[in-house]
Amino acid sequence: MGKLMNKKLGVEILATGSSFPQKVLTNADLEKIVDTNDEWIVSRTGMRQRHIAAPNEATSDVALGAARQAIESAKIQAGEIDLIVVATVTPDMFFPSTACFLQTKLGLKNIPAFDLLAACSGFIYGIGVAKAFIESGMYKTILLVGADCLSKITNWTDRNTCVLFGDGAGAMILRASEEKNAILSVSLGADGSYADLLYMPAGGSFKPASHETVDAFEHTTIMKGKDVFKNAVPKMVKAAEEAIVKSGKKVEDIKLFIPHQANMRIIEAVAKKLSISMDRVFVNIHKTGNISSATTITALDEAIRTGKLQKGDLVVLVAFGGGFTWGGCVIEI
Ligand code: UT7
């Protein structure tokens, strides 16, 4: 931890990065696995393909590519990082944390590293955590990663869910600054009473792994899609609105809205309720599917790398997921 002065500390976003497993699974490929078709998947979700990790590729491996790209783009040495936070629902193992595996893969030692679980809202929860740690003066340079390999917890015999999920990782380097205040606001929420609408019931202390839990596909994502959909739209609208109000900015000030990429119809409904035209909404769901903790950060990274965002632009990230959890933030690129 560097010596920090008395002035109020803000956050500067130095860079982002992203990484996807090589293998791509198209809708046509899925037609060979379950009773589905390209027309249904595209019209009901907007998805056309998703990346799928190799059998020997873990979440920390995918995270490593994203972290390295962010470090390179930030023009820092990995050794300058003094905290690693990984948002994920598909850790390499229950423990140690994926952040610890990532630390070693980056050639780092001794700095703190931990995972954060807030399902699809994980990266935005991570932004809140990074902001608080930096503003308090506790850490100076944070590597924040959103990484998931949902293919590893997917029931490939269930057409209701297996067409929806993909794998990938995004990373962000955040640094303490006396001049910048790049995280203008964060608004987070959760309601645990909806837990059984979107969950992986077995493998934890509630229902330890057994032959029965494996046979019942209870180590895979189970979702009541329609109920999740109904809750997702109002909660994402609320999270985005709260974040904008907290930031002191107006909807017109926001250059780009980057919503969680779970369903094109959810994205369009949220945009409509916020009175934002779709040309100000970033969508990459057709290429990635739903990657839970990684969606908003991989989309942000793509928007930056393709020139849709320039230094100084304001962006809203907003997400909703299992828990239920939700979150929105206003950030300056
Ligand atoms: O990331 C965390 C948050 N997650 C979300 O936000 C996901 C929210 N939910 C959704 O995106 C949508 O509910 C889904 C995409 C999961 C499903 O779309 P839906 O319009 O709610 O469809 P449904 O589940 O009501 O199913 C409609 C029909 C059913 O057939 P019947 O009962 O009408 O004969 C399903 O069996 O579509 C059928 N169906 C399929 N057909 C072809 C379901 N999945 C498929 C499929 N291919 N893959």
# chains A, B, ... in the order shown; residues from 1 in each chain; ligands from 1
call {"tool": "select_by_dssp", "arguments": {"residues": "stretch 88-333 of chain A", "states": "helix (DSSP H, G or I)", "output": "NGL selection string"}}
result
:A and (98-105 or 119-135 or 150-153 or 159-162 or 192-197 or 211-215 or 225-247 or 251-253 or 264-273 or 278-280 or 285-288 or 292-305)
call {"tool": "residues_near_ligand", "arguments": {"ligand": "ligand 1", "cutoff": "8 Å", "atoms": "only C-alpha atoms and all ligand atoms", "output": "PyMOL selection string"}}
result
chain A and resi 34-37+40-41+44-45+119-120+159-164+198+223-230+232+260-263+265-266+290-292+320-322
call {"tool": "residues_around", "arguments": {"residues": "A:Thr220", "least_positions_apart": "6", "cutoff": "12 Å", "atoms": "only C-alpha atoms", "output": "list in words"}}
result
Val89, Thr90, Cys149, Leu150, Ser151, Lys152, Ile153, Thr154, Asn155, Trp156, Thr157, Asp158, Thr161, Cys162, Phe165, Leu198, Tyr199, Met200, Pro201, Ala202, Gly203, Ala209, Thr213 and Val214 of chain A
call {"tool": "residues_around", "arguments": {"residues": "A:Val85", "least_positions_apart": "3", "cutoff": "12 Å", "atoms": "only C-alpha atoms", "output": "number ranges by chain"}}
result
A: 60, 63, 67, 81-82, 88, 97-103, 111-117, 122-130, 133, 139, 141-147, 170-174
call {"tool": "write_last_selection", "arguments": {"atoms": "N, CA and C atoms", "output": "compact mmCIF listing (two decimals), in the first residue's frame"}}
result
# COMPACT_ATOMS: atom_id res chain seq x y z
N SER A 60 -10.36 -19.53 -13.42
CA SER A 60 -9.15 -18.70 -13.22
C SER A 60 -8.31 -18.64 -14.49
N ALA A 63 -10.04 -16.05 -16.54
CA ALA A 63 -9.80 -14.78 -15.86
C ALA A 63 -8.39 -14.26 -16.12
N ALA A 67 -7.27 -10.52 -17.15
CA ALA A 67 -6.42 -9.76 -16.22
C ALA A 67 -5.16 -9.27 -16.91
N ILE A 81 -0.26 -4.18 -8.32
CA ILE A 81 -1.62 -4.51 -7.81
C ILE A 81 -1.51 -4.85 -6.32
N ASP A 82 -2.39 -4.27 -5.49
CA ASP A 82 -2.33 -4.63 -4.08
C ASP A 82 -3.60 -5.28 -3.54
N THR A 88 -17.58 -14.21 -9.10
CA THR A 88 -17.87 -15.44 -9.85
C THR A 88 -18.92 -16.28 -9.14
N SER A 97 -10.06 -19.67 -2.99
CA SER A 97 -10.79 -18.81 -3.90
C SER A 97 -10.14 -18.79 -5.29
N THR A 98 -10.95 -18.47 -6.28
CA THR A 98 -10.45 -18.30 -7.65
C THR A 98 -9.45 -17.15 -7.69
N ALA A 99 -9.68 -16.15 -6.83
CA ALA A 99 -8.75 -15.00 -6.76
C ALA A 99 -7.35 -15.47 -6.33
N CYS A 100 -7.29 -16.46 -5.45
CA CYS A 100 -5.98 -16.99 -5.03
C CYS A 100 -5.30 -17.72 -6.19
N PHE A 101 -6.08 -18.52 -6.92
CA PHE A 101 -5.50 -19.20 -8.10
C PHE A 101 -5.01 -18.16 -9.12
N LEU A 102 -5.81 -17.12 -9.31
CA LEU A 102 -5.43 -16.07 -10.28
C LEU A 102 -4.16 -15.36 -9.83
N GLN A 103 -4.07 -15.08 -8.53
CA GLN A 103 -2.87 -14.42 -8.00
C GLN A 103 -1.61 -15.20 -8.40
N ILE A 111 -0.24 -10.45 -1.67
CA ILE A 111 -1.32 -9.46 -1.66
C ILE A 111 -2.65 -10.18 -1.39
N PRO A 112 -3.61 -9.50 -0.73
CA PRO A 112 -4.89 -10.15 -0.45
C PRO A 112 -5.66 -10.45 -1.73
N ALA A 113 -6.44 -11.54 -1.68
CA ALA A 113 -7.21 -11.97 -2.84
C ALA A 113 -8.44 -12.70 -2.33
N PHE A 114 -9.60 -12.33 -2.84
CA PHE A 114 -10.82 -13.05 -2.42
C PHE A 114 -11.87 -13.03 -3.51
N ASP A 115 -12.82 -13.97 -3.41
CA ASP A 115 -13.94 -14.03 -4.35
C ASP A 115 -15.15 -13.33 -3.74
N LEU A 116 -16.02 -12.92 -4.64
CA LEU A 116 -17.25 -12.22 -4.25
C LEU A 116 -18.39 -12.89 -5.02
N LEU A 117 -19.46 -13.23 -4.32
CA LEU A 117 -20.56 -13.89 -5.01
C LEU A 117 -21.82 -13.05 -4.92
N GLY A 122 -22.53 -9.52 -9.77
CA GLY A 122 -21.25 -9.60 -9.08
C GLY A 122 -20.25 -8.52 -9.44
N PHE A 123 -20.15 -8.20 -10.73
CA PHE A 123 -19.14 -7.21 -11.09
C PHE A 123 -19.50 -5.83 -10.53
N ILE A 124 -20.79 -5.51 -10.50
CA ILE A 124 -21.20 -4.19 -9.98
C ILE A 124 -21.04 -4.15 -8.46
N TYR A 125 -21.32 -5.26 -7.78
CA TYR A 125 -20.98 -5.33 -6.36
C TYR A 125 -19.47 -5.11 -6.19
N GLY A 126 -18.69 -5.69 -7.09
CA GLY A 126 -17.23 -5.55 -7.03
C GLY A 126 -16.78 -4.11 -7.21
N ILE A 127 -17.49 -3.38 -8.06
CA ILE A 127 -17.17 -1.95 -8.25
C ILE A 127 -17.39 -1.22 -6.92
N GLY A 128 -18.49 -1.58 -6.23
CA GLY A 128 -18.76 -0.96 -4.92
C GLY A 128 -17.67 -1.28 -3.91
N VAL A 129 -17.23 -2.52 -3.89
CA VAL A 129 -16.18 -2.96 -2.96
C VAL A 129 -14.87 -2.22 -3.27
N ALA A 130 -14.53 -2.17 -4.56
CA ALA A 130 -13.27 -1.52 -4.96
C ALA A 130 -13.30 -0.03 -4.61
N PHE A 133 -12.82 0.36 -0.80
CA PHE A 133 -11.44 0.07 -0.39
C PHE A 133 -10.49 1.20 -0.80
N TYR A 139 -6.47 0.26 -0.01
CA TYR A 139 -5.69 -0.26 -1.14
C TYR A 139 -5.62 0.78 -2.23
N THR A 141 -4.24 0.03 -5.75
CA THR A 141 -4.41 -0.47 -7.13
C THR A 141 -5.09 -1.83 -7.06
N ILE A 142 -6.32 -1.88 -7.57
CA ILE A 142 -7.12 -3.11 -7.43
C ILE A 142 -7.36 -3.74 -8.80
N LEU A 143 -7.17 -5.05 -8.85
CA LEU A 143 -7.58 -5.84 -10.03
C LEU A 143 -8.95 -6.44 -9.71
N LEU A 144 -9.96 -5.98 -10.42
CA LEU A 144 -11.33 -6.48 -10.22
C LEU A 144 -11.70 -7.30 -11.45
N VAL A 145 -12.12 -8.54 -11.22
CA VAL A 145 -12.43 -9.45 -12.32
C VAL A 145 -13.86 -9.96 -12.17
N GLY A 146 -14.56 -10.06 -13.29
CA GLY A 146 -15.84 -10.78 -13.33
C GLY A 146 -15.63 -11.96 -14.25
N ALA A 147 -15.73 -13.18 -13.73
CA ALA A 147 -15.38 -14.35 -14.54
C ALA A 147 -16.35 -15.49 -14.25
N GLY A 170 -13.96 -10.72 -17.71
CA GLY A 170 -13.56 -9.34 -17.94
C GLY A 170 -12.82 -8.83 -16.71
N ALA A 171 -11.95 -7.85 -16.93
CA ALA A 171 -11.15 -7.33 -15.81
C ALA A 171 -11.05 -5.82 -15.89
N MET A 172 -10.84 -5.22 -14.73
CA MET A 172 -10.69 -3.76 -14.65
C MET A 172 -9.58 -3.46 -13.64
N ILE A 173 -8.75 -2.47 -13.97
CA ILE A 173 -7.74 -2.00 -13.00
C ILE A 173 -8.22 -0.65 -12.49
N LEU A 174 -8.38 -0.57 -11.17
CA LEU A 174 -8.83 0.67 -10.53
C LEU A 174 -7.72 1.19 -9.64
call {"tool": "atom_distance", "arguments": {"atom1": "atom CA of A:Ala240", "atom2": "atom CA of A:Ser277"}}
result
14.9 Å
call {"tool": "atom_distance", "arguments": {"atom1": "atom CA of A:Ile33", "atom2": "atom CA of A:Lys207"}}
result
28.7 Å
call {"tool": "atom_distance", "arguments": {"atom1": "atom CA of A:Gly10", "atom2": "atom CA of A:Thr104"}}
result
28.7 Å
